[in-house]
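> I have a structure here, written as structure tokens, and I will follow up with some questions on it.
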Amino acid sequence: MSAEFTIRDARANDLDAVSALLIDAYAQYMPPPLKTLTAEERAGWDSYRRNIADVWSRAPISSTIVAERDRSLVGSVNYYAPGQADSMDGGWPEGWASIRLLAVSPRARGLGIGRALMDECLRRARADGATTMALHTTKLMDVARAMYLRLGFARSPAHDFHPAPDFTIEAFRLTL
């Protein structure tokens with residue numbers, strides 16, 4: 001496999017592959033099958049996994065951007081222009097663009113794919129006249145968090161949410 005990749009909009013016939021890529025990329029954050037979870041915790045994780053995989057419901061309200069390498073999808077992200085938002089994010093202030101579900105295939109990590117996908121989202125946000133780019137992430141996603149901080153994102157605690165009593169989904173923003 002070459003290290004070169006192309007960033008482009010997903011086509012309708014890519015959505016099955018994007019769904020599989022997301023499940024593969026986010027698998028490391030899911031609890032192991034033998035871990036004891038309460039029924040509520042298990043239901044929460046199952047719901048999150050279904051939401052991640054459901055690329056079709058996001059297609060009408062966002063741009064699904066993919067990274068392709070050697071005719072295979074190796075990365076994806078959903079970009080939301082100002083005024084568009086995923087219901088999972090709870091809405092952002094007027095003029096803010098956002099991203100959701102940045103993912104890079106485990107076999108293609110370390111090649112700059114995540115950064116290239118973020119650069120494309122930032123380019124689109126500026127072209128759309130957004131004043132701010134926003135995103136949600138968790139402490140579990142330490143590699144992505146570090147990249148966001150290197151890009152200049154700062155915490156935005158007023159936009160955090162708590163899907164479980166001991167779990168915070170943290171908001172970050174970058175002024176454009």
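Within each chain, counting starts at residue 1; across the structure tokens, chains are named A, B, ... in the order shown, with ligands numbered 1 upward in that order.
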With DSSP run on the backbone, what are the strand (DSSP E or B) residues within stretch 11-86 of chain A? I'd like them as a ChimeraX atom specification.

/A:63-69,72-80

> Can you pull out the residues contacting A:Arg8? Cut-off 10 Å, using only C-alpha atoms, and skip same-chain residues under 4 positions away; I want them as a ChimeraX atom specification.

/A:64-68,76,117,120

> Would you write out those residues with N, CA and C atoms, as an mmCIF file, in the first residue's frame?


data_model
loop_
_atom_site.group_PDB
_atom_site.id
_atom_site.type_symbol
_atom_site.label_atom_id
_atom_site.label_comp_id
_atom_site.auth_asym_id
_atom_site.auth_seq_id
_atom_site.Cartn_x
_atom_site.Cartn_y
_atom_site.Cartn_z
ATOM 1 N N THR A 64 -20.428 13.870 4.091
ATOM 2 C CA THR A 64 -19.557 12.774 4.497
ATOM 3 C C THR A 64 -18.329 12.852 3.607
ATOM 4 N N ILE A 65 -17.194 13.114 4.245
ATOM 5 C CA ILE A 65 -15.925 13.270 3.541
ATOM 6 C C ILE A 65 -15.099 12.033 3.844
ATOM 7 N N VAL A 66 -14.460 11.478 2.820
ATOM 8 C CA VAL A 66 -13.686 10.257 3.004
ATOM 9 C C VAL A 66 -12.251 10.440 2.528
ATOM 10 N N ALA A 67 -11.387 9.579 3.045
ATOM 11 C CA ALA A 67 -10.018 9.453 2.566
ATOM 12 C C ALA A 67 -9.926 8.095 1.884
ATOM 13 N N GLU A 68 -9.386 8.100 0.689
ATOM 14 C CA GLU A 68 -9.264 6.867 -0.095
ATOM 15 C C GLU A 68 -7.783 6.614 -0.373
ATOM 16 N N SER A 76 -12.866 8.807 7.397
ATOM 17 C CA SER A 76 -14.099 9.549 7.113
ATOM 18 C C SER A 76 -14.372 10.537 8.230
ATOM 19 N N LEU A 117 -8.286 15.152 6.823
ATOM 20 C CA LEU A 117 -9.742 15.267 6.907
ATOM 21 C C LEU A 117 -10.137 16.522 7.688
ATOM 22 N N GLU A 120 -9.609 19.633 5.569
ATOM 23 C CA GLU A 120 -10.682 19.806 4.595
ATOM 24 C C GLU A 120 -11.936 20.380 5.253
#

> Mind dumping a table of every stretch 75-95 of chain A residue within 12 Å of stretch 103-115 of chain A, with the nearest atom pair and its distance in Å to one decimal, using only C-alpha atoms, sorted by chain and rising number, as JSON lines?


{"residue": "A:Gly75", "atom": "CA", "partner": "A:Val104", "partner_atom": "CA", "distance": 4.2}
{"residue": "A:Ser76", "atom": "CA", "partner": "A:Ala103", "partner_atom": "CA", "distance": 5.3}
{"residue": "A:Val77", "atom": "CA", "partner": "A:Ala103", "partner_atom": "CA", "distance": 6.3}
{"residue": "A:Asn78", "atom": "CA", "partner": "A:Ala103", "partner_atom": "CA", "distance": 9.6}

> Please report the interatomic distance between atom CA of A:Ala154 and atom CA of A:Thr132 in Å with one decimal.

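Those two atoms sit 11.1 Å apart.
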
> I'd like the contact shell of stretch 42-50 of chain A - 9 Å cut-off, only C-alpha atoms, skipping same-chain residues fewer than 6 positions apart - returned as a PyMOL selection string.

chain A and resi 23+26-27+30-31+36+163-164

> What would the file look like if the residues just selected were written as a compact mmCIF listing (two decimals), in the first residue's frame with N, CA and C atoms?


# COMPACT_ATOMS: atom_id res chain seq x y z
N ILE A 23 -17.31 1.54 12.47
CA ILE A 23 -17.37 0.49 13.49
C ILE A 23 -15.97 -0.03 13.80
N TYR A 26 -13.91 2.79 15.70
CA TYR A 26 -14.38 3.09 17.05
C TYR A 26 -14.43 1.87 17.96
N ALA A 27 -14.11 0.70 17.45
CA ALA A 27 -14.16 -0.53 18.24
C ALA A 27 -13.29 -0.46 19.49
N MET A 30 -15.19 0.72 22.60
CA MET A 30 -16.31 -0.07 23.11
C MET A 30 -15.81 -1.01 24.21
N PRO A 31 -16.64 -1.27 25.20
CA PRO A 31 -16.22 -2.18 26.28
C PRO A 31 -16.07 -3.60 25.75
N THR A 36 -18.30 -6.65 32.69
CA THR A 36 -19.61 -6.57 33.33
C THR A 36 -20.11 -5.12 33.28
N PRO A 163 -23.97 11.86 28.87
CA PRO A 163 -24.90 10.78 28.56
C PRO A 163 -25.07 9.79 29.70
N ALA A 164 -24.14 9.81 30.63
CA ALA A 164 -24.22 8.97 31.83
C ALA A 164 -23.65 9.79 32.98

> What's the 12 Å shell around A:Ala59, counting only C-alpha atoms, without same-chain residues fewer than 5 positions away, as an NGL selection string?

:A and (9-12 or 14-15 or 18-19 or 54 or 64-65 or 77-80 or 84-86)

> I need the chosen residues saved as a compact mmCIF listing (two decimals), in the first residue's frame, with all heavy atoms.


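Wrote result_18.txt, looks like this:
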# COMPACT_ATOMS: atom_id res chain seq x y z
N ASP A 9 -15.57 13.75 -1.37
CA ASP A 9 -16.90 13.51 -0.83
C ASP A 9 -17.27 12.05 -1.06
O ASP A 9 -16.95 11.47 -2.11
CB ASP A 9 -17.94 14.40 -1.53
CG ASP A 9 -17.87 15.84 -1.06
OD1 ASP A 9 -17.81 16.06 0.16
OD2 ASP A 9 -17.87 16.73 -1.93
N ALA A 10 -17.94 11.47 -0.08
CA ALA A 10 -18.43 10.10 -0.23
C ALA A 10 -19.53 10.08 -1.27
O ALA A 10 -20.30 11.04 -1.41
CB ALA A 10 -18.96 9.58 1.10
N ARG A 11 -19.58 8.98 -1.99
CA ARG A 11 -20.67 8.75 -2.94
C ARG A 11 -21.66 7.80 -2.27
O ARG A 11 -21.33 7.11 -1.30
CB ARG A 11 -20.11 8.13 -4.22
CG ARG A 11 -19.14 9.07 -4.95
CD ARG A 11 -18.63 8.46 -6.25
NE ARG A 11 -17.61 7.45 -6.05
CZ ARG A 11 -16.29 7.67 -6.09
NH1 ARG A 11 -15.84 8.89 -6.30
NH2 ARG A 11 -15.45 6.68 -5.91
N ALA A 12 -22.88 7.75 -2.79
CA ALA A 12 -23.91 6.89 -2.20
C ALA A 12 -23.44 5.44 -2.09
O ALA A 12 -23.72 4.77 -1.09
CB ALA A 12 -25.20 6.97 -3.03
N ASP A 14 -20.59 4.44 -1.41
CA ASP A 14 -19.53 4.33 -0.39
C ASP A 14 -20.09 4.12 1.01
O ASP A 14 -19.34 3.78 1.93
CB ASP A 14 -18.69 5.62 -0.33
CG ASP A 14 -17.82 5.86 -1.53
OD1 ASP A 14 -17.31 4.87 -2.10
OD2 ASP A 14 -17.62 7.05 -1.88
N LEU A 15 -21.39 4.36 1.22
CA LEU A 15 -21.91 4.44 2.58
C LEU A 15 -21.80 3.15 3.37
O LEU A 15 -21.55 3.17 4.57
CB LEU A 15 -23.33 4.99 2.58
CG LEU A 15 -23.46 6.44 2.08
CD1 LEU A 15 -24.90 6.92 2.20
CD2 LEU A 15 -22.51 7.38 2.80
N VAL A 18 -18.26 3.15 4.55
CA VAL A 18 -18.07 4.15 5.60
C VAL A 18 -18.60 3.61 6.93
O VAL A 18 -17.95 3.73 7.97
CB VAL A 18 -18.74 5.50 5.24
CG1 VAL A 18 -18.72 6.46 6.42
CG2 VAL A 18 -18.05 6.13 4.02
N SER A 19 -19.77 2.99 6.92
CA SER A 19 -20.34 2.42 8.13
C SER A 19 -19.39 1.38 8.74
O SER A 19 -19.12 1.40 9.94
CB SER A 19 -21.70 1.80 7.82
OG SER A 19 -22.28 1.25 8.98
N ASP A 54 -24.91 4.27 11.59
CA ASP A 54 -26.01 4.79 10.77
C ASP A 54 -25.59 6.01 9.95
O ASP A 54 -26.02 7.13 10.21
CB ASP A 54 -27.22 5.11 11.66
CG ASP A 54 -28.41 5.58 10.84
OD1 ASP A 54 -28.40 5.42 9.60
OD2 ASP A 54 -29.35 6.12 11.45
N THR A 64 -20.43 13.87 4.09
CA THR A 64 -19.56 12.77 4.50
C THR A 64 -18.33 12.85 3.61
O THR A 64 -18.41 12.72 2.39
CB THR A 64 -20.26 11.41 4.33
OG1 THR A 64 -21.45 11.41 5.11
CG2 THR A 64 -19.35 10.27 4.80
N ILE A 65 -17.19 13.11 4.25
CA ILE A 65 -15.93 13.27 3.54
C ILE A 65 -15.10 12.03 3.84
O ILE A 65 -15.04 11.58 4.99
CB ILE A 65 -15.20 14.55 4.01
CG1 ILE A 65 -16.11 15.78 3.83
CG2 ILE A 65 -13.88 14.73 3.27
CD1 ILE A 65 -15.62 17.01 4.56
N VAL A 77 -15.21 11.51 7.91
CA VAL A 77 -15.67 12.50 8.88
C VAL A 77 -16.98 13.08 8.35
O VAL A 77 -17.18 13.14 7.14
CB VAL A 77 -14.62 13.60 9.12
CG1 VAL A 77 -14.39 14.45 7.87
CG2 VAL A 77 -14.98 14.48 10.31
N ASN A 78 -17.84 13.49 9.25
CA ASN A 78 -19.06 14.21 8.86
C ASN A 78 -18.84 15.68 9.17
O ASN A 78 -18.51 16.05 10.30
CB ASN A 78 -20.28 13.70 9.60
CG ASN A 78 -20.77 12.41 9.01
OD1 ASN A 78 -20.45 11.34 9.52
ND2 ASN A 78 -21.53 12.48 7.94
N TYR A 79 -19.03 16.51 8.15
CA TYR A 79 -18.92 17.96 8.28
C TYR A 79 -20.32 18.55 8.22
O TYR A 79 -21.10 18.23 7.32
CB TYR A 79 -18.06 18.54 7.14
CG TYR A 79 -18.20 20.04 7.03
CD1 TYR A 79 -17.61 20.88 7.97
CD2 TYR A 79 -18.95 20.62 6.01
CE1 TYR A 79 -17.76 22.26 7.88
CE2 TYR A 79 -19.10 21.99 5.91
CZ TYR A 79 -18.50 22.81 6.86
OH TYR A 79 -18.66 24.18 6.78
N TYR A 80 -20.61 19.43 9.18
CA TYR A 80 -21.89 20.12 9.26
C TYR A 80 -21.64 21.61 9.06
O TYR A 80 -20.94 22.25 9.86
CB TYR A 80 -22.55 19.89 10.62
CG TYR A 80 -22.90 18.44 10.87
CD1 TYR A 80 -21.95 17.55 11.38
CD2 TYR A 80 -24.17 17.96 10.59
CE1 TYR A 80 -22.26 16.22 11.59
CE2 TYR A 80 -24.49 16.63 10.80
CZ TYR A 80 -23.53 15.78 11.29
OH TYR A 80 -23.85 14.44 11.50
N GLN A 84 -26.50 23.62 10.38
CA GLN A 84 -26.77 22.18 10.35
C GLN A 84 -26.12 21.57 11.58
O GLN A 84 -25.05 22.01 11.99
CB GLN A 84 -26.17 21.50 9.12
CG GLN A 84 -26.72 21.98 7.81
CD GLN A 84 -26.00 21.34 6.64
OE1 GLN A 84 -24.79 21.26 6.62
NE2 GLN A 84 -26.77 20.88 5.67
N ALA A 85 -26.73 20.58 12.17
CA ALA A 85 -26.11 19.91 13.31
C ALA A 85 -26.75 18.55 13.48
O ALA A 85 -27.92 18.35 13.17
CB ALA A 85 -26.26 20.72 14.59
N ASP A 86 -25.97 17.63 13.98
CA ASP A 86 -26.46 16.30 14.30
C ASP A 86 -27.20 16.39 15.63
O ASP A 86 -26.78 17.10 16.54
CB ASP A 86 -25.27 15.35 14.41
CG ASP A 86 -25.68 13.91 14.52
OD1 ASP A 86 -26.18 13.54 15.61
OD2 ASP A 86 -25.49 13.16 13.57

> Which residue is closest to A:Leu21? Choose from A:Met147, A:Glu40, A:Leu101, A:Pro60 and count only C-alpha atoms.

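Among the listed residues, A:Leu101 lies closest to A:Leu21.
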